[in-house]
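Text of coords-v9.json (JSON, C-alpha atoms) as supplied:
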```json
[["chain", "number", "residue", "atom", "x", "y", "z"],
["V", 25, "ILE", "CA", 11.80, 7.77, -21.83],
["V", 26, "TYR", "CA", 11.27, 7.70, -18.06],
["V", 27, "VAL", "CA", 12.43, 4.69, -16.05],
["V", 28, "ALA", "CA", 11.35, 4.09, -12.46],
["V", 29, "PRO", "CA", 14.28, 3.79, -10.03],
["V", 30, "PRO", "CA", 14.57, 0.79, -7.70],
["V", 31, "ASP", "CA", 12.12, 0.59, -4.80],
["V", 32, "ARG", "CA", 9.76, 3.30, -6.11],
["V", 33, "HIS", "CA", 6.50, 3.08, -8.02],
["V", 34, "LEU", "CA", 6.24, 5.46, -10.98],
["V", 35, "ILE", "CA", 2.76, 6.97, -11.43],
["V", 36, "VAL", "CA", 1.09, 9.84, -13.24],
["V", 37, "ALA", "CA", -0.83, 12.38, -11.15],
["V", 38, "GLY", "CA", -2.00, 15.84, -12.17],
["V", 39, "GLY", "CA", -0.05, 15.75, -15.41],
["V", 40, "ARG", "CA", 3.21, 14.99, -13.62],
["V", 41, "LEU", "CA", 5.25, 11.90, -12.95],
["V", 42, "ARG", "CA", 5.57, 10.98, -9.30],
["V", 43, "LEU", "CA", 7.62, 8.45, -7.39],
["V", 44, "LEU", "CA", 5.93, 6.67, -4.50],
["V", 45, "ARG", "CA", 7.13, 4.10, -2.02],
["V", 46, "GLY", "CA", 3.69, 2.50, -1.80],
["V", 47, "PRO", "CA", 2.93, -1.16, -1.12],
["V", 48, "LYS", "CA", 4.48, -3.72, -3.45],
["V", 49, "GLU", "CA", 2.26, -5.23, -6.13],
["V", 50, "ASN", "CA", 2.97, -8.75, -7.37],
["V", 51, "CYS", "CA", 5.97, -8.68, -5.03],
["V", 52, "ALA", "CA", 7.49, -5.79, -7.02],
["V", 53, "ARG", "CA", 8.24, -2.11, -6.51],
["V", 54, "PRO", "CA", 8.30, -0.54, -9.07],
["V", 55, "ALA", "CA", 5.37, -2.42, -10.61],
["V", 56, "ILE", "CA", 3.56, -1.99, -13.90],
["V", 57, "ASP", "CA", -0.03, -2.06, -12.65],
["V", 58, "PRO", "CA", 0.09, 1.12, -10.47],
["V", 59, "LEU", "CA", 1.58, 3.03, -13.42],
["V", 60, "PHE", "CA", -1.06, 1.77, -15.86],
["V", 61, "ARG", "CA", -3.90, 2.51, -13.40],
["V", 62, "SER", "CA", -2.70, 6.06, -12.91],
["V", 63, "VAL", "CA", -2.38, 6.55, -16.67],
["V", 64, "ALA", "CA", -5.95, 5.26, -17.18],
["V", 65, "GLU", "CA", -7.29, 7.63, -14.52],
["V", 66, "SER", "CA", -5.33, 10.62, -15.84],
["V", 67, "TYR", "CA", -5.73, 10.24, -19.60],
["V", 68, "GLY", "CA", -8.76, 8.05, -20.21],
["V", 69, "SER", "CA", -9.18, 7.42, -23.92],
["V", 70, "GLY", "CA", -5.88, 9.14, -24.61],
["V", 71, "ALA", "CA", -3.95, 6.39, -22.84],
["V", 72, "VAL", "CA", -1.96, 3.71, -24.62],
["V", 73, "GLY", "CA", -0.65, 0.69, -22.73],
["V", 74, "VAL", "CA", 1.89, -1.77, -24.11],
["V", 75, "ILE", "CA", 2.86, -5.11, -22.61],
["V", 76, "LEU", "CA", 6.17, -6.56, -23.78],
["V", 77, "THR", "CA", 8.14, -9.71, -23.01],
["V", 78, "GLY", "CA", 8.18, -10.81, -19.37],
["V", 79, "ASN", "CA", 7.39, -13.53, -16.87],
["V", 80, "LEU", "CA", 4.13, -14.19, -15.00],
["V", 81, "ASN", "CA", 1.20, -11.79, -15.55],
["V", 82, "ASP", "CA", 2.41, -8.38, -14.39],
["V", 83, "GLY", "CA", 0.66, -5.51, -16.16],
["V", 84, "THR", "CA", -2.47, -7.41, -17.17],
["V", 85, "LEU", "CA", -4.73, -5.74, -14.59],
["V", 86, "GLY", "CA", -3.33, -2.32, -15.37],
["V", 87, "LEU", "CA", -3.81, -2.83, -19.10],
["V", 88, "PHE", "CA", -7.38, -3.94, -18.38],
["V", 89, "ASP", "CA", -7.98, -0.60, -16.60],
["V", 90, "ILE", "CA", -6.63, 1.31, -19.60],
["V", 91, "LYS", "CA", -8.89, -0.64, -21.93],
["V", 92, "ARG", "CA", -12.07, -0.26, -19.88],
["V", 93, "ARG", "CA", -11.46, 3.49, -19.66],
["V", 94, "GLY", "CA", -11.43, 3.66, -23.47],
["V", 95, "GLY", "CA", -7.69, 3.64, -24.06],
["V", 96, "VAL", "CA", -5.72, 1.48, -26.45],
["V", 97, "ALA", "CA", -4.37, -1.89, -25.30],
["V", 98, "ILE", "CA", -1.35, -3.32, -27.10],
["V", 99, "SER", "CA", 0.63, -6.48, -26.51],
["V", 100, "GLN", "CA", 3.67, -7.98, -28.12],
["V", 101, "ASP", "CA", 2.87, -11.20, -29.96],
["V", 102, "PRO", "CA", 3.68, -13.98, -27.46],
["V", 103, "ASN", "CA", 5.28, -16.00, -30.26],
["V", 104, "ASP", "CA", 7.68, -13.10, -30.80],
["V", 105, "ALA", "CA", 8.58, -12.66, -27.12],
["V", 106, "ALA", "CA", 11.63, -14.11, -25.40],
["V", 107, "HIS", "CA", 9.45, -14.57, -22.30],
["V", 108, "PRO", "CA", 5.87, -14.92, -23.55],
["V", 109, "GLU", "CA", 3.99, -15.17, -20.23],
["V", 110, "MET", "CA", 3.15, -11.48, -19.78],
["V", 111, "PRO", "CA", 1.99, -10.92, -23.38],
["V", 112, "ARG", "CA", 0.03, -14.18, -23.29],
["V", 113, "SER", "CA", -1.73, -13.17, -20.07],
["V", 114, "ALA", "CA", -2.63, -9.79, -21.56],
["V", 115, "ALA", "CA", -4.03, -11.49, -24.67],
["V", 116, "GLU", "CA", -6.09, -13.92, -22.59],
["V", 117, "HIS", "CA", -7.63, -11.38, -20.20],
["V", 118, "VAL", "CA", -7.81, -8.07, -22.09],
["V", 119, "ALA", "CA", -9.64, -7.31, -25.34],
["V", 120, "LEU", "CA", -6.49, -6.17, -27.11],
["V", 121, "ASP", "CA", -6.60, -3.61, -29.86],
["V", 122, "TYR", "CA", -3.30, -4.79, -31.30],
["V", 123, "CYS", "CA", -1.08, -7.87, -30.84],
["V", 124, "LEU", "CA", 2.05, -7.40, -32.91],
["V", 125, "PRO", "CA", 5.67, -8.46, -33.22],
["V", 126, "LEU", "CA", 8.01, -6.13, -31.38],
["V", 127, "ALA", "CA", 9.42, -4.63, -34.60],
["V", 128, "GLU", "CA", 5.97, -3.35, -35.65],
["V", 129, "ILE", "CA", 5.01, -1.67, -32.37],
["V", 130, "PRO", "CA", 7.10, 1.54, -32.70],
["V", 131, "GLU", "CA", 5.45, 2.53, -35.97],
["V", 132, "LEU", "CA", 2.02, 1.84, -34.48],
["V", 133, "LEU", "CA", 2.78, 4.06, -31.48],
["V", 134, "ILE", "CA", 3.79, 6.91, -33.77],
["V", 135, "GLU", "CA", 0.46, 6.59, -35.58],
["V", 136, "LEU", "CA", -1.55, 6.47, -32.36],
["V", 137, "VAL", "CA", -0.03, 9.55, -30.76],
["V", 138, "ASP", "CA", -0.93, 11.55, -33.86],
["V", 139, "GLN", "CA", -4.64, 10.77, -33.56],
["V", 140, "LYS", "CA", -7.39, 10.45, -31.01],
["V", 141, "CYS", "CA", -6.72, 7.05, -29.52],
["V", 142, "GLY", "CA", -10.01, 5.74, -28.24],
["V", 143, "LYS", "CA", -13.52, 6.49, -27.02],
["V", 144, "GLU", "CA", -13.92, 8.09, -23.61],
["V", 145, "LEU", "CA", -15.63, 5.77, -21.14],
["V", 146, "PRO", "CA", -16.53, 6.32, -17.47],
["V", 147, "MET", "CA", -14.04, 4.80, -15.06],
["V", 148, "PRO", "CA", -15.73, 2.02, -13.08],
["V", 149, "LYS", "CA", -15.63, 2.47, -9.34],
["V", 150, "THR", "CA", -12.98, 0.52, -7.49],
["V", 151, "SER", "CA", -13.63, -1.26, -4.21],
["V", 152, "SER", "CA", -11.91, 1.61, -2.42],
["V", 153, "GLN", "CA", -14.36, 4.09, -3.97],
["V", 154, "ARG", "CA", -17.54, 2.15, -3.22],
["V", 155, "ASP", "CA", -19.38, 2.69, 0.04],
["V", 156, "ARG", "CA", -16.91, 5.30, 1.21],
["V", 157, "GLN", "CA", -17.78, 8.87, 2.11],
["V", 158, "ALA", "CA", -14.33, 10.36, 2.60],
["V", 159, "PRO", "CA", -11.54, 7.80, 2.27],
["V", 160, "GLU", "CA", -8.24, 8.55, 3.92],
["V", 161, "ILE", "CA", -5.91, 9.47, 1.05],
["V", 162, "ILE", "CA", -2.16, 9.18, 1.43],
["V", 163, "ASN", "CA", 0.08, 9.76, -1.60],
["V", 164, "SER", "CA", -2.93, 9.41, -3.92],
["V", 165, "GLN", "CA", -3.74, 5.98, -2.48],
["V", 166, "THR", "CA", -6.68, 4.96, -0.34],
["V", 167, "PHE", "CA", -6.64, 2.42, 2.46],
["V", 168, "GLU", "CA", -8.85, -0.49, 1.52],
["V", 169, "ARG", "CA", -11.18, -1.64, 4.24],
["V", 170, "PRO", "CA", -9.68, -4.82, 5.76],
["V", 171, "LEU", "CA", -11.52, -8.02, 4.99],
["V", 172, "THR", "CA", -11.31, -8.90, 8.67],
["V", 173, "VAL", "CA", -9.39, -8.11, 11.83],
["V", 174, "THR", "CA", -6.67, -10.48, 12.98],
["V", 175, "CYS", "CA", -5.82, -12.18, 16.24],
["V", 176, "PRO", "CA", -3.33, -10.23, 18.38],
["V", 177, "ASP", "CA", -1.85, -13.53, 19.59],
["V", 178, "CYS", "CA", -1.26, -15.45, 16.35],
["V", 179, "GLY", "CA", -2.26, -13.18, 13.45],
["V", 180, "GLY", "CA", -5.03, -15.51, 12.29],
["V", 181, "ALA", "CA", -8.31, -14.17, 10.93],
["V", 182, "LEU", "CA", -11.00, -13.54, 13.54],
["V", 183, "LYS", "CA", -14.71, -14.13, 13.21],
["V", 184, "ASN", "CA", -17.18, -12.38, 15.49],
["V", 185, "PHE", "CA", -20.53, -13.49, 16.82],
["V", 186, "LYS", "CA", -22.84, -12.73, 19.70],
["V", 187, "VAL", "CA", -23.31, -14.80, 22.83],
["V", 188, "GLY", "CA", -26.40, -13.28, 24.37],
["V", 189, "SER", "CA", -25.61, -9.56, 24.42],
["V", 190, "ILE", "CA", -21.81, -10.06, 24.42],
["V", 191, "VAL", "CA", -19.78, -9.76, 21.22],
["V", 192, "LYS", "CA", -17.05, -12.42, 21.00],
["V", 193, "PHE", "CA", -14.09, -12.76, 18.62],
["V", 194, "THR", "CA", -12.46, -16.14, 17.89],
["V", 195, "CYS", "CA", -9.67, -17.24, 15.54],
["V", 196, "HIS", "CA", -9.33, -20.70, 13.99],
["V", 197, "ILE", "CA", -6.49, -21.54, 16.41],
["V", 198, "GLY", "CA", -8.86, -21.06, 19.33],
["V", 199, "HIS", "CA", -7.85, -17.69, 20.81],
["V", 200, "SER", "CA", -10.99, -15.85, 21.86],
["V", 201, "TYR", "CA", -11.80, -12.43, 23.24],
["V", 202, "THR", "CA", -14.79, -10.39, 24.27],
["V", 203, "ALA", "CA", -14.97, -7.16, 22.28],
["V", 204, "GLU", "CA", -13.45, -5.03, 25.03],
["V", 205, "ASN", "CA", -10.59, -7.45, 25.66],
["V", 206, "MET", "CA", -9.99, -7.75, 21.92],
["V", 207, "ALA", "CA", -9.71, -3.98, 21.60],
["V", 208, "ALA", "CA", -7.30, -3.80, 24.53],
["V", 209, "ALA", "CA", -5.13, -6.64, 23.17],
["V", 210, "GLN", "CA", -5.11, -5.11, 19.69],
["V", 211, "PHE", "CA", -4.10, -1.71, 21.10],
["V", 212, "GLU", "CA", -1.30, -3.28, 23.15],
["V", 213, "GLU", "CA", 0.05, -5.12, 20.08],
["V", 214, "MET", "CA", -0.17, -1.95, 17.98],
["V", 215, "GLU", "CA", 1.79, 0.00, 20.59],
["V", 216, "LYS", "CA", 4.40, -2.77, 20.78],
["V", 217, "VAL", "CA", 4.90, -2.72, 17.00],
["V", 218, "MET", "CA", 5.16, 1.07, 16.89],
["V", 219, "ARG", "CA", 7.70, 1.13, 19.72],
["V", 220, "ALA", "CA", 9.69, -1.55, 17.93],
["V", 221, "ALA", "CA", 9.69, 0.72, 14.87],
["V", 222, "VAL", "CA", 11.03, 3.56, 17.05],
["V", 223, "ARG", "CA", 13.83, 1.24, 18.19],
["V", 224, "PHE", "CA", 14.70, 0.25, 14.61],
["V", 225, "LEU", "CA", 14.77, 3.89, 13.53],
["V", 226, "ASN", "CA", 17.04, 4.80, 16.42],
["V", 227, "GLU", "CA", 19.33, 1.89, 15.58],
["V", 228, "ARG", "CA", 19.37, 2.92, 11.92],
["V", 229, "ALA", "CA", 20.39, 6.42, 12.99],
["V", 230, "GLU", "CA", 23.28, 4.95, 15.00],
["V", 231, "PHE", "CA", 24.31, 2.60, 12.18],
["V", 232, "CYS", "CA", 24.36, 5.44, 9.64],
["V", 233, "LEU", "CA", 26.35, 7.58, 12.05],
["V", 234, "GLN", "CA", 28.94, 4.85, 12.46],
["V", 235, "MET", "CA", 29.18, 4.48, 8.68],
["V", 236, "ALA", "CA", 29.65, 8.23, 8.35],
["V", 237, "GLU", "CA", 32.47, 8.18, 10.90],
["V", 238, "HIS", "CA", 34.19, 5.32, 9.05],
["V", 239, "GLY", "CA", 34.00, 7.29, 5.81],
["V", 240, "ASP", "CA", 35.22, 10.64, 7.15],
["V", 241, "ASP", "CA", 38.77, 10.13, 5.89],
["V", 242, "GLY", "CA", 38.10, 8.50, 2.56],
["V", 243, "ASN", "CA", 35.02, 9.92, 0.83],
["V", 244, "PRO", "CA", 33.54, 13.18, 2.21],
["V", 245, "ASP", "CA", 30.48, 13.01, -0.07],
["V", 246, "ALA", "CA", 29.59, 9.50, 1.08],
["V", 247, "SER", "CA", 30.15, 10.54, 4.70],
["V", 248, "ASN", "CA", 27.75, 13.46, 4.26],
["V", 249, "GLU", "CA", 25.09, 11.14, 2.85],
["V", 250, "TRP", "CA", 25.43, 8.80, 5.83],
["V", 251, "HIS", "CA", 25.16, 11.77, 8.22],
["V", 252, "ALA", "CA", 22.02, 12.95, 6.41],
["V", 253, "ALA", "CA", 20.50, 9.46, 6.59],
["V", 254, "SER", "CA", 21.28, 9.30, 10.30],
["V", 255, "ARG", "CA", 19.58, 12.65, 10.95],
["V", 256, "GLN", "CA", 16.55, 11.60, 8.90],
["V", 257, "ALA", "CA", 16.13, 8.32, 10.81],
["V", 258, "LEU", "CA", 16.49, 10.07, 14.16],
["V", 259, "ASP", "CA", 13.98, 12.75, 13.17],
["V", 260, "ARG", "CA", 11.44, 10.11, 12.17],
["V", 261, "ALA", "CA", 12.11, 8.15, 15.36],
["V", 262, "TYR", "CA", 11.23, 11.22, 17.42],
["V", 263, "LYS", "CA", 8.09, 11.85, 15.37],
["V", 264, "LEU", "CA", 6.93, 8.24, 15.71],
["V", 265, "ARG", "CA", 7.67, 8.22, 19.42],
["V", 266, "ASP", "CA", 5.61, 11.40, 19.84],
["V", 267, "LEU", "CA", 2.76, 9.74, 17.93],
["V", 268, "VAL", "CA", 2.87, 6.62, 20.12],
["V", 269, "GLU", "CA", 2.85, 8.69, 23.31],
["V", 270, "GLN", "CA", -0.10, 10.86, 22.33],
["V", 271, "ASP", "CA", -3.48, 10.29, 23.96],
["V", 272, "TRP", "CA", -5.53, 7.71, 22.07],
["V", 273, "LEU", "CA", -9.28, 7.24, 22.06],
["V", 274, "THR", "CA", -10.00, 4.02, 23.98],
["V", 275, "PRO", "CA", -13.77, 3.42, 24.06],
["V", 276, "GLU", "CA", -13.15, -0.10, 25.37],
["V", 277, "ILE", "CA", -11.82, 1.35, 28.63],
["V", 278, "SER", "CA", -14.65, 3.86, 28.88],
["V", 279, "HIS", "CA", -17.15, 1.05, 28.32],
["V", 280, "GLN", "CA", -15.59, -1.08, 31.06],
["V", 281, "LEU", "CA", -15.61, 1.82, 33.53],
["V", 282, "ALA", "CA", -19.26, 2.53, 32.72],
["V", 283, "SER", "CA", -20.16, -1.15, 33.18],
["V", 284, "ALA", "CA", -18.35, -1.28, 36.50],
["V", 285, "HIS", "CA", -20.17, 1.85, 37.66],
["V", 286, "ASN", "CA", -23.54, 0.44, 36.66],
["V", 287, "GLY", "CA", -22.74, -2.79, 38.50],
["V", 288, "ARG", "CA", -22.04, -0.91, 41.72],
["V", 289, "ASP", "CA", -25.28, 1.02, 41.36],
["V", 290, "GLN", "CA", -27.29, -2.20, 40.94],
["V", 291, "THR", "CA", -25.72, -3.93, 43.95],
["V", 292, "GLY", "CA", -25.85, -0.90, 46.21],
["V", 293, "PHE", "CA", -22.09, -0.62, 46.61],
["V", 294, "ARG", "CA", -20.41, 2.77, 46.49],
["V", 295, "GLY", "CA", -16.73, 3.59, 46.09]]
```

Show me the file's structure as structure tokens.
Amino acid sequence: IYVAPPDRHLIVAGGRLRLLRGPKENCARPAIDPLFRSVAESYGSGAVGVILTGNLNDGTLGLFDIKRRGGVAISQDPNDAAHPEMPRSAAEHVALDYCLPLAEIPELLIELVDQKCGKELPMPKTSSQRDRQAPEIINSQTFERPLTVTCPDCGGALKNFKVGSIVKFTCHIGHSYTAENMAAAQFEEMEKVMRAAVRFLNERAEFCLQMAEHGDDGNPDASNEWHAASRQALDRAYKLRDLVEQDWLTPEISHQLASAHNGRDQTGFRG
């Protein structure tokens, strides 16, 4: 039996269990759905997913992935569950192979692992796989294409449209930008956030160092852990600062310089 530790997703990749600090799903980390998805992708028809007692509908989407890949979907009978919401959701949204009282599930699992579980089916493409040539993969996860870009001033969704030959971005609050100004404002906000992260990392390093110094006399092992955490935070602060201070591609600036140059040519002015 493997149990995910706090604040880490447990997934299967390449025949091994991995722990990832990926985005939360259904406000939880660890979450059931990333585990079930990875099991479906790794084992196909050999996968077996079981949903037991629990609140809300966690695990339903992951169990659906196991089922559509040809695996076996099992749920505890909602009438047998102390908290029936999760089993009920699985029963409503997934074509279950078995829905049993808790006491009958162990024997079923023993039978299933001794035989070929299901029929191999092709894994449907996810939204991250469609219309992508080479998605950026980090820790076995792909970045989904954002539904829209957001306003640097208020964070609201932006819509874009053309006014003549000029592209304009406007949010529902009323902030508006031409494309070049939008790019510049977005870049400035991105840099601000990254520098704030550098500050937080540096402060974490100092906090951990202070905790290590307080623990020097009492618990050497705890003090060493605080020292290690301080060094880690400082190392990442330096790396992030180096990333922020690297040269960035800024086509919006190049476009503005080119437009200014063309304007001088048309009016006869020279610098």

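Proximity ranking of V:Ile277, V:Asn226, V:Tyr122, V:Asn248 relative to Arg260 in chain V places V:Asn226 first, based on only C-alpha atoms.
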
> In Å to one decimal, how far is CA of Met214 in chain V from CA of Ala257 in chain V?
Replying inline: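 Those two atoms sit 20.6 Å apart.
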
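Among the candidates V:Gly83, V:Thr77, V:Ser69, V:Ser200, the one nearest to Pro54 in chain V when counting all atoms listed in the file is V:Gly83.
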
>> Around (2.5, -15.6, -20.3), as given in the file, which residues come within 9 Å? Count all atoms listed in the file and list them as a PyMOL selection string.
In response: chain V and resi 77-81+102+107-115

> Could you pull the residues within 9 Å of Met235 in chain V, counting all atoms listed in the file, minus those fewer than 3 positions along the same chain, as a PyMOL selection string?
Replying inline: chain V and resi 230-232+238-240+247+250-251

> CA of Gln139 in chain V and CA of Asp82 in chain V are how many Å apart?
Replying inline: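 Going from CA of Gln139 in chain V over to CA of Asp82 in chain V, I get 28.0 Å.
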
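One finds CA of Ala52 in chain V at 9.7 Å from CA of Pro30 in chain V.
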
> Nearest to Ile56 in chain V: which of V:Gln234, V:Thr84, V:Ser254, V:Gln100 is it, counting all atoms listed in the file?
Replying inline: V:Thr84

For range 263-280 of chain V, I'd like the enclosing box, axis-aligned and padded by 8 Å on every side, reported as AutoDock Vina command-line options with centre and edge lengths in Å to one decimal.
```
--center_x -4.5 --center_y 5.4 --center_z 23.2 --size_x 41.2 --size_y 28.9 --size_z 31.7
```

> Any idea what's packed within 12 Å of Leu267 in chain V, counting all atoms listed in the file, ignoring anything in its chain fewer than 3 positions away? Could you give it as JSON, numbers by chain?
Replying inline: {"V": [215, 218, 219, 221, 222, 260, 261, 262, 263, 264, 270, 271, 272]}

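Distance cut-off 8 Å, centre (1.7, -9.1, 19.6), atoms counted all atoms listed in the file; the residues meeting this are Pro176, Asp177, Cys178, Gln210, Glu212, Glu213, Met214, Lys216 and Val217 of chain V.
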
> Looking at V:Val173, V:Leu233, V:Leu182, V:Ala71, which one is nearest to Arg93 in chain V, with distances taken over all atoms listed in the file?
Replying inline: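 When distances to Arg93 in chain V are compared using all atoms listed in the file, the smallest one comes from V:Ala71.
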
>> Need to verify the contact set: Val72 in chain V, 10 Å, all atoms listed in the file, exclusion of same-chain residues closer than 3 positions in sequence. Can you return it as a ChimeraX atom specification?
In response: /V:60,63-64,67-69,87,90-91,94-98,133,136-137,141-142
